[in-house]
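Asker: So here's structure.txt, just compact mmCIF, C-alpha atoms and all ligand atoms:
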# COMPACT_ATOMS: atom_id res chain seq x y z
CA MET A 1 -4.43 -16.90 -12.33
CA PHE A 2 -4.00 -13.39 -13.75
CA SER A 3 -2.19 -10.79 -11.68
CA VAL A 4 -1.75 -7.05 -11.93
CA ALA A 5 0.94 -5.37 -9.83
CA ILE A 6 0.53 -1.70 -8.99
CA ASP A 7 3.35 0.02 -7.14
CA GLY A 8 3.99 3.65 -6.38
CA PRO A 9 4.41 6.29 -3.68
CA SER A 10 1.76 7.08 -1.09
CA GLY A 11 -1.10 9.19 -2.34
CA ALA A 12 -0.72 8.41 -6.05
CA GLY A 13 -4.22 6.92 -5.94
CA LYS A 14 -3.13 3.27 -6.01
CA SER A 15 -5.82 2.02 -3.66
CA SER A 16 -8.85 3.86 -5.03
CA VAL A 17 -7.82 3.37 -8.67
CA SER A 18 -7.07 -0.34 -8.06
CA LYS A 19 -10.42 -0.82 -6.38
CA ALA A 20 -12.29 0.61 -9.38
CA VAL A 21 -10.16 -1.37 -11.85
CA ALA A 22 -10.79 -4.57 -9.88
CA LYS A 23 -14.52 -3.98 -9.99
CA ALA A 24 -14.54 -3.33 -13.73
CA ALA A 25 -12.27 -6.29 -14.54
CA GLY A 26 -13.79 -8.74 -12.04
CA PHE A 27 -10.55 -9.10 -10.09
CA ILE A 28 -9.90 -9.03 -6.38
CA HIS A 29 -8.16 -5.92 -5.07
CA VAL A 30 -5.45 -6.53 -2.49
CA ASP A 31 -4.13 -3.49 -0.64
CA THR A 32 -0.81 -4.72 0.79
CA GLY A 33 -0.15 -1.45 2.63
CA ALA A 34 -2.97 -2.48 4.97
CA LEU A 35 -0.84 -5.45 6.11
CA TYR A 36 2.08 -3.18 7.07
CA ARG A 37 -0.35 -0.73 8.65
CA SER A 38 -2.00 -3.48 10.71
CA LEU A 39 1.32 -4.67 12.03
CA ALA A 40 2.35 -1.08 12.80
CA TYR A 41 -0.93 -0.51 14.62
CA LYS A 42 -0.34 -3.63 16.70
CA ALA A 43 3.20 -2.42 17.52
CA LEU A 44 1.95 1.00 18.61
CA LYS A 45 -0.82 -0.51 20.68
CA SER A 46 1.45 -2.98 22.43
CA GLY A 47 4.09 -0.33 23.16
CA THR A 48 6.67 -2.04 20.91
CA ASP A 49 9.60 0.22 19.97
CA ILE A 50 9.62 0.07 16.14
CA SER A 51 13.27 1.19 15.97
CA ASP A 52 14.23 -1.90 18.02
CA THR A 53 14.39 -4.85 15.58
CA ASP A 54 14.60 -7.44 18.38
CA ALA A 55 11.46 -6.09 19.98
CA VAL A 56 9.68 -6.14 16.60
CA ASN A 57 10.82 -9.74 16.03
CA LYS A 58 9.38 -10.71 19.40
CA LEU A 59 6.12 -9.09 18.35
CA LEU A 60 6.14 -11.07 15.07
CA ALA A 61 6.59 -14.32 17.01
CA ARG A 62 3.31 -13.76 18.83
CA THR A 63 1.36 -12.24 15.95
CA GLU A 64 -0.79 -13.87 13.32
CA ILE A 65 -2.04 -11.76 10.41
CA SER A 66 -4.80 -12.83 8.08
CA LEU A 67 -6.28 -11.17 5.06
CA ILE A 68 -10.03 -11.57 4.62
CA LEU A 69 -11.52 -10.88 1.18
CA GLU A 70 -15.29 -10.58 1.17
CA ASP A 71 -17.65 -8.92 -1.31
CA GLY A 72 -14.83 -6.92 -2.82
CA ALA A 73 -13.87 -5.49 0.58
CA GLN A 74 -10.69 -6.35 2.39
CA ARG A 75 -10.19 -6.71 6.12
CA VAL A 76 -7.07 -7.51 8.10
CA LEU A 77 -7.24 -9.57 11.27
CA VAL A 78 -4.42 -9.40 13.80
CA ASN A 79 -4.64 -12.36 16.17
CA GLY A 80 -8.28 -12.62 15.21
CA GLU A 81 -9.10 -8.93 15.83
CA ASP A 82 -10.34 -6.84 12.88
CA VAL A 83 -8.08 -3.77 12.98
CA THR A 84 -9.26 -2.32 9.64
CA PRO A 85 -11.06 0.69 11.20
CA PHE A 86 -7.91 1.86 13.03
CA ILE A 87 -5.16 1.82 10.43
CA ARG A 88 -5.78 5.00 8.40
CA THR A 89 -4.35 7.62 10.77
CA GLU A 90 -1.22 9.69 10.08
CA GLU A 91 0.43 8.08 13.13
CA VAL A 92 -0.10 4.58 11.73
CA SER A 93 1.05 5.72 8.22
CA MET A 94 4.42 6.83 9.54
CA ALA A 95 4.77 3.77 11.80
CA ALA A 96 3.96 1.49 8.82
CA SER A 97 6.66 3.17 6.73
CA ASN A 98 9.13 2.66 9.60
CA ILE A 99 8.25 -0.94 10.39
CA SER A 100 8.33 -1.88 6.68
CA LYS A 101 12.08 -1.18 6.59
CA ILE A 102 12.76 -4.26 8.72
CA PRO A 103 13.61 -7.30 6.51
CA SER A 104 11.99 -9.82 8.90
CA VAL A 105 8.74 -7.85 8.72
CA ARG A 106 8.78 -8.01 4.92
CA ALA A 107 9.52 -11.74 4.99
CA PHE A 108 6.73 -12.27 7.53
CA LEU A 109 4.14 -10.70 5.19
CA LEU A 110 5.39 -12.21 1.92
CA ASP A 111 3.59 -15.57 2.12
CA THR A 112 0.17 -14.06 2.73
CA GLN A 113 0.57 -11.84 -0.33
CA ARG A 114 1.84 -14.59 -2.65
CA LYS A 115 -0.78 -17.11 -1.52
CA THR A 116 -3.57 -14.63 -2.20
CA ALA A 117 -2.30 -14.16 -5.77
CA GLU A 118 -2.12 -17.93 -6.26
CA GLU A 119 -5.76 -18.32 -5.28
CA HIS A 120 -7.39 -15.34 -7.03
CA ASN A 121 -7.13 -13.08 -10.06
CA VAL A 122 -5.71 -10.04 -8.29
CA ILE A 123 -4.84 -6.45 -8.71
CA MET A 124 -2.35 -6.00 -5.89
CA ASP A 125 -1.07 -2.60 -4.82
CA GLY A 126 2.01 -1.77 -2.77
CA ARG A 127 5.64 -0.72 -3.11
CA ASP A 128 7.44 -3.92 -4.14
CA ILE A 129 4.76 -6.02 -5.84
CA ALA A 130 6.36 -6.04 -9.30
CA THR A 131 9.93 -6.19 -7.98
CA VAL A 132 9.61 -8.76 -5.15
CA VAL A 133 6.17 -10.15 -4.36
CA LEU A 134 4.91 -11.03 -7.85
CA PRO A 135 7.89 -10.74 -10.22
CA ASN A 136 5.91 -12.75 -12.79
CA ALA A 137 2.81 -10.53 -12.68
CA ASP A 138 1.02 -10.30 -16.03
CA VAL A 139 0.76 -6.51 -15.89
CA LYS A 140 3.10 -4.22 -13.94
CA ILE A 141 2.25 -0.59 -13.37
CA PHE A 142 4.12 2.15 -11.53
CA LEU A 143 1.48 4.68 -10.54
CA THR A 144 2.84 8.04 -9.51
CA ALA A 145 2.09 11.79 -9.23
CA SER A 146 3.97 14.85 -8.02
CA ALA A 147 4.45 15.17 -4.23
CA GLU A 148 2.37 18.39 -4.23
CA LYS A 149 -0.51 16.78 -6.05
CA ARG A 150 -0.46 13.78 -3.70
CA ALA A 151 -0.34 15.98 -0.61
CA GLU A 152 -3.25 18.03 -1.98
CA ARG A 153 -5.37 14.88 -2.45
CA ARG A 154 -4.54 13.61 1.05
CA TYR A 155 -5.31 17.07 2.48
CA LYS A 156 -8.77 17.11 0.87
CA GLU A 157 -9.46 13.56 2.01
CA LEU A 158 -8.67 14.45 5.64
CA LEU A 159 -10.68 17.69 5.47
CA GLU A 160 -13.68 15.66 4.32
CA LYS A 161 -13.26 13.50 7.41
CA ASN A 162 -13.27 16.70 9.49
CA GLU A 163 -9.74 16.09 10.67
CA GLU A 164 -7.68 19.12 11.63
CA VAL A 165 -4.86 19.28 9.14
CA GLU A 166 -2.26 21.63 7.71
CA TYR A 167 -1.32 21.28 4.04
CA ASN A 168 2.37 21.99 4.69
CA LYS A 169 2.58 19.29 7.34
CA ILE A 170 0.95 16.77 4.97
CA LEU A 171 3.40 17.69 2.19
CA GLU A 172 6.29 17.31 4.62
CA ASP A 173 5.02 13.84 5.63
CA VAL A 174 4.57 12.80 1.99
CA ILE A 175 8.15 13.81 1.16
CA LYS A 176 9.51 12.14 4.30
CA ARG A 177 7.64 8.91 3.62
CA ASP A 178 8.78 8.90 -0.06
CA LYS A 179 12.35 9.26 1.10
CA GLN A 180 12.02 6.41 3.61
CA ASP A 181 10.25 4.11 1.16
CA THR A 182 12.67 4.71 -1.73
CA GLU A 183 15.91 4.75 0.25
CA ARG A 184 15.43 1.69 2.46
CA GLU A 185 17.77 -1.24 1.81
CA THR A 186 15.22 -4.02 1.56
CA ALA A 187 12.73 -3.92 -1.30
CA PRO A 188 12.87 -0.14 -1.86
CA LEU A 189 10.12 1.57 -3.83
CA ARG A 190 11.17 1.71 -7.48
CA PRO A 191 9.66 0.78 -10.85
CA SER A 192 10.66 -2.65 -12.12
CA GLU A 193 12.42 -2.71 -15.50
CA ASP A 194 9.34 -4.08 -17.22
CA SER A 195 6.71 -1.85 -15.59
CA VAL A 196 4.72 0.89 -17.31
CA THR A 197 4.73 4.24 -15.50
CA VAL A 198 1.40 6.04 -15.25
CA ASP A 199 1.63 9.60 -13.89
CA THR A 200 -1.74 10.70 -12.49
CA SER A 201 -0.73 14.36 -11.83
CA LEU A 202 -2.68 15.45 -14.89
CA LEU A 203 -5.22 12.62 -15.07
CA ASP A 204 -8.50 12.59 -13.19
CA PHE A 205 -9.77 9.48 -11.48
CA ASP A 206 -11.73 8.02 -14.42
CA GLN A 207 -8.87 8.67 -16.83
CA SER A 208 -6.46 6.84 -14.51
CA VAL A 209 -8.83 3.85 -14.25
CA ASP A 210 -9.34 3.75 -18.04
CA LYS A 211 -5.63 3.91 -18.72
CA ILE A 212 -4.99 0.88 -16.50
CA LEU A 213 -7.93 -1.10 -17.87
CA GLN A 214 -6.54 -0.50 -21.32
CA LEU A 215 -3.10 -1.82 -20.29
CA ILE A 216 -4.75 -4.93 -18.81
CA LYS A 217 -6.79 -5.55 -21.97
CA GLU A 218 -3.63 -5.40 -24.06
CA ARG A 219 -2.06 -8.19 -21.99
CA MET A 220 -5.04 -10.49 -21.50
O1 LIG A 301 0.25 1.99 0.70
P1 LIG A 301 0.19 2.51 2.13
O2 LIG A 301 0.38 3.99 2.25
O3 LIG A 301 -1.01 2.04 2.86
O4 LIG A 301 1.47 1.82 2.85
C1 LIG A 301 1.87 2.15 4.15
C2 LIG A 301 3.37 1.89 4.30
O5 LIG A 301 3.63 0.48 4.20
C3 LIG A 301 4.26 2.53 3.24
O6 LIG A 301 4.76 3.78 3.66
C4 LIG A 301 5.37 1.55 3.02
C5 LIG A 301 4.83 0.25 3.48
N1 LIG A 301 4.54 -0.69 2.38
C6 LIG A 301 5.58 -1.44 1.91
O7 LIG A 301 6.71 -1.26 2.36
N2 LIG A 301 5.36 -2.38 0.94
C7 LIG A 301 4.14 -2.59 0.43
N3 LIG A 301 3.97 -3.53 -0.50
C8 LIG A 301 3.06 -1.79 0.88
C9 LIG A 301 3.29 -0.84 1.86
Please render this file's structure as structure tokens.
Ligand code: DC

Answerer:
Amino acid sequence: MFSVAIDGPSGAGKSSVSKAVAKAAGFIHVDTGALYRSLAYKALKSGTDISDTDAVNKLLARTEISLILEDGAQRVLVNGEDVTPFIRTEEVSMAASNISKIPSVRAFLLDTQRKTAEEHNVIMDGRDIATVVLPNADVKIFLTASAEKRAERRYKELLEKNEEVEYNKILEDVIKRDKQDTERETAPLRPSEDSVTVDTSLLDFDQSVDKILQLIKERM
């Protein structure tokens, strides 16, 4: 199987760029952030205190997460319930960043991610794909952009959904989440030694997709 790892901070365009690359290359796109988000959503919904590792471990013991890949779309089931429509809120974003710091949570989700890459040609996006999940990935990309540019994209996305948002608050959240994701002890966000960094601050969407397709072609 062929695998492409794409890591980077939130809002760099990992998901949308990976989706387009997957379509063009005939790969399956796996958005691993959705797994952390789904677990965070479940924690919020069940009233689990995310800062309490024991409580989170108890939640893990009674939780089953499965990744469904159908027609290029991905869904996450938590104990059989499709939670995909509920995991894109700012509240779930922050909770996902918090819950992902817990080592047992990362271990809990590791198998699902590795198995998926064993069964399909994947382009998998996340924070630790090249460094931990798929250290032998064929192509490793660190996709990034300035915090301001990423906040601006997120701001526009939320405006389009008619959500009431303030740019400064979004920027603050982006910076806070970057800090949490890069400074955590277990599997922090960082480029692997052998990854290629692609900065999308000055690239538009199509240019970002082309750049990655070109890197894949070189390695195939
Ligand atoms: O990619 P995303 O914004 O949907 O991810 C949500 C959070 O999940 C992110 O802040 C950190 C965590 N995450 C992670 O720790 N490792 C991954 N491979 C993917 C996401």

Asker: Let me see if you get this right: every residue at most 6 Å from ligand LIG 301 (chain A), counting only C-alpha atoms and all ligand atoms, written as a PyMOL selection string.

Answerer: chain A and resi 10+32-34+36-37+93+96-97+100+126-129+177+181

Asker: Report, in Å to a single decimal, how far apart CA of Ala43 in chain A and CA of Glu183 in chain A are.

Answerer: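 CA of Ala43 in chain A lies 22.6 Å from CA of Glu183 in chain A.
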
Asker: Need to verify the contact set: Ile102 in chain A, 12 Å, all atoms listed in the file, exclusion of same-chain residues closer than 5 positions in sequence. Can you return it as a PyMOL selection string?

Answerer: chain A and resi 36+39-40+50-57+60+95-97+107-109+180-181+184-188

Asker: One decimal, Å: what's the distance from CA of Lys169 in chain A over to CA of Lys14 in chain A, could you say?

Answerer: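 It comes out at 21.6 Å.
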
Asker: Hey, can you check how far CA of Ser16 in chain A sits from CA of Lys101 in chain A?

Answerer: 24.5 Å

Asker: Counting all atoms listed in the file, find residues at most 12 Å from (-4.9, 18.9, -0.9) (file frame) and give them as a ChimeraX atom specification.

Answerer: /A:11,147-160,165-171,174

Asker: Have a look at A:Leu59, A:Met1, A:Leu143, A:Ile216 and name the one nearest to Arg190 in chain A; count all atoms listed in the file.

Answerer: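 With all atoms listed in the file as the atom set, the closest residue is A:Leu143.
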
Asker: Select, from A:Val139, A:Val83, A:Arg75, A:Lys176, the residue with the minimum atom-to-atom distance to Leu213 in chain A, counting all atoms listed in the file.

Answerer: A:Val139

Asker: Need the neighbours of (8.4, -1.6, -9.8): which residues are at most 8 Å away, counting all atoms listed in the file, as a PyMOL selection string?

Answerer: chain A and resi 6-8+127-131+140-142+189-195

Asker: Please, could you write that set of residues out with C-alpha atoms as a PDB file, in the frame of the given file?

Answerer:
ATOM      1  CA  ILE A   6       0.530  -1.700  -8.990  1.00  0.00           C
ATOM      2  CA  ASP A   7       3.350   0.020  -7.140  1.00  0.00           C
ATOM      3  CA  GLY A   8       3.990   3.650  -6.380  1.00  0.00           C
ATOM      4  CA  ARG A 127       5.640  -0.720  -3.110  1.00  0.00           C
ATOM      5  CA  ASP A 128       7.440  -3.920  -4.140  1.00  0.00           C
ATOM      6  CA  ILE A 129       4.760  -6.020  -5.840  1.00  0.00           C
ATOM      7  CA  ALA A 130       6.360  -6.040  -9.300  1.00  0.00           C
ATOM      8  CA  THR A 131       9.930  -6.190  -7.980  1.00  0.00           C
ATOM      9  CA  LYS A 140       3.100  -4.220 -13.940  1.00  0.00           C
ATOM     10  CA  ILE A 141       2.250  -0.590 -13.370  1.00  0.00           C
ATOM     11  CA  PHE A 142       4.120   2.150 -11.530  1.00  0.00           C
ATOM     12  CA  LEU A 189      10.120   1.570  -3.830  1.00  0.00           C
ATOM     13  CA  ARG A 190      11.170   1.710  -7.480  1.00  0.00           C
ATOM     14  CA  PRO A 191       9.660   0.780 -10.850  1.00  0.00           C
ATOM     15  CA  SER A 192      10.660  -2.650 -12.120  1.00  0.00           C
ATOM     16  CA  GLU A 193      12.420  -2.710 -15.500  1.00  0.00           C
ATOM     17  CA  ASP A 194       9.340  -4.080 -17.220  1.00  0.00           C
ATOM     18  CA  SER A 195       6.710  -1.850 -15.590  1.00  0.00           C
TER      19      SER A 195
END

Asker: Taking all atoms listed in the file into account, name the residue in A:Leu44, A:Ile123, A:Val76, A:Val105 that is nearest to Glu91 in chain A.

Answerer: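 That would be A:Leu44, the residue with the smallest distance to Glu91 in chain A.
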
Asker: Go through range 97-164 of chain A and flag each residue having an atom no more than 12 Å from range 63-74 of chain A; for those, report the closest pair of atoms plus their distance in Å to one decimal, using all atoms listed in the file, ordered by chain and rising number, as a tab-separated table.

Answerer:
residue	atom	partner	partner_atom	distance
A:Val105	CA	A:Thr63	CA	11.2
A:Phe108	CA	A:Ile65	CA	9.2
A:Leu109	CA	A:Ile65	CA	8.2
A:Leu110	CA	A:Ile65	CA	11.3
A:Asp111	CA	A:Ser66	CA	10.6
A:Thr112	CA	A:Ser66	CA	7.4
A:Gln113	CA	A:Leu67	CA	8.7
A:Arg114	CA	A:Leu67	CA	11.7
A:Lys115	CA	A:Leu67	CA	10.4
A:Thr116	CA	A:Leu67	CA	8.5
A:Ala117	CA	A:Leu67	CA	11.9
A:Glu119	CA	A:Leu69	CA	11.4
A:His120	CA	A:Leu69	CA	10.2
A:Val122	CA	A:Gly72	CA	11.1
A:Ile123	CA	A:Gly72	CA	11.6
A:Met124	CA	A:Gln74	CA	11.8
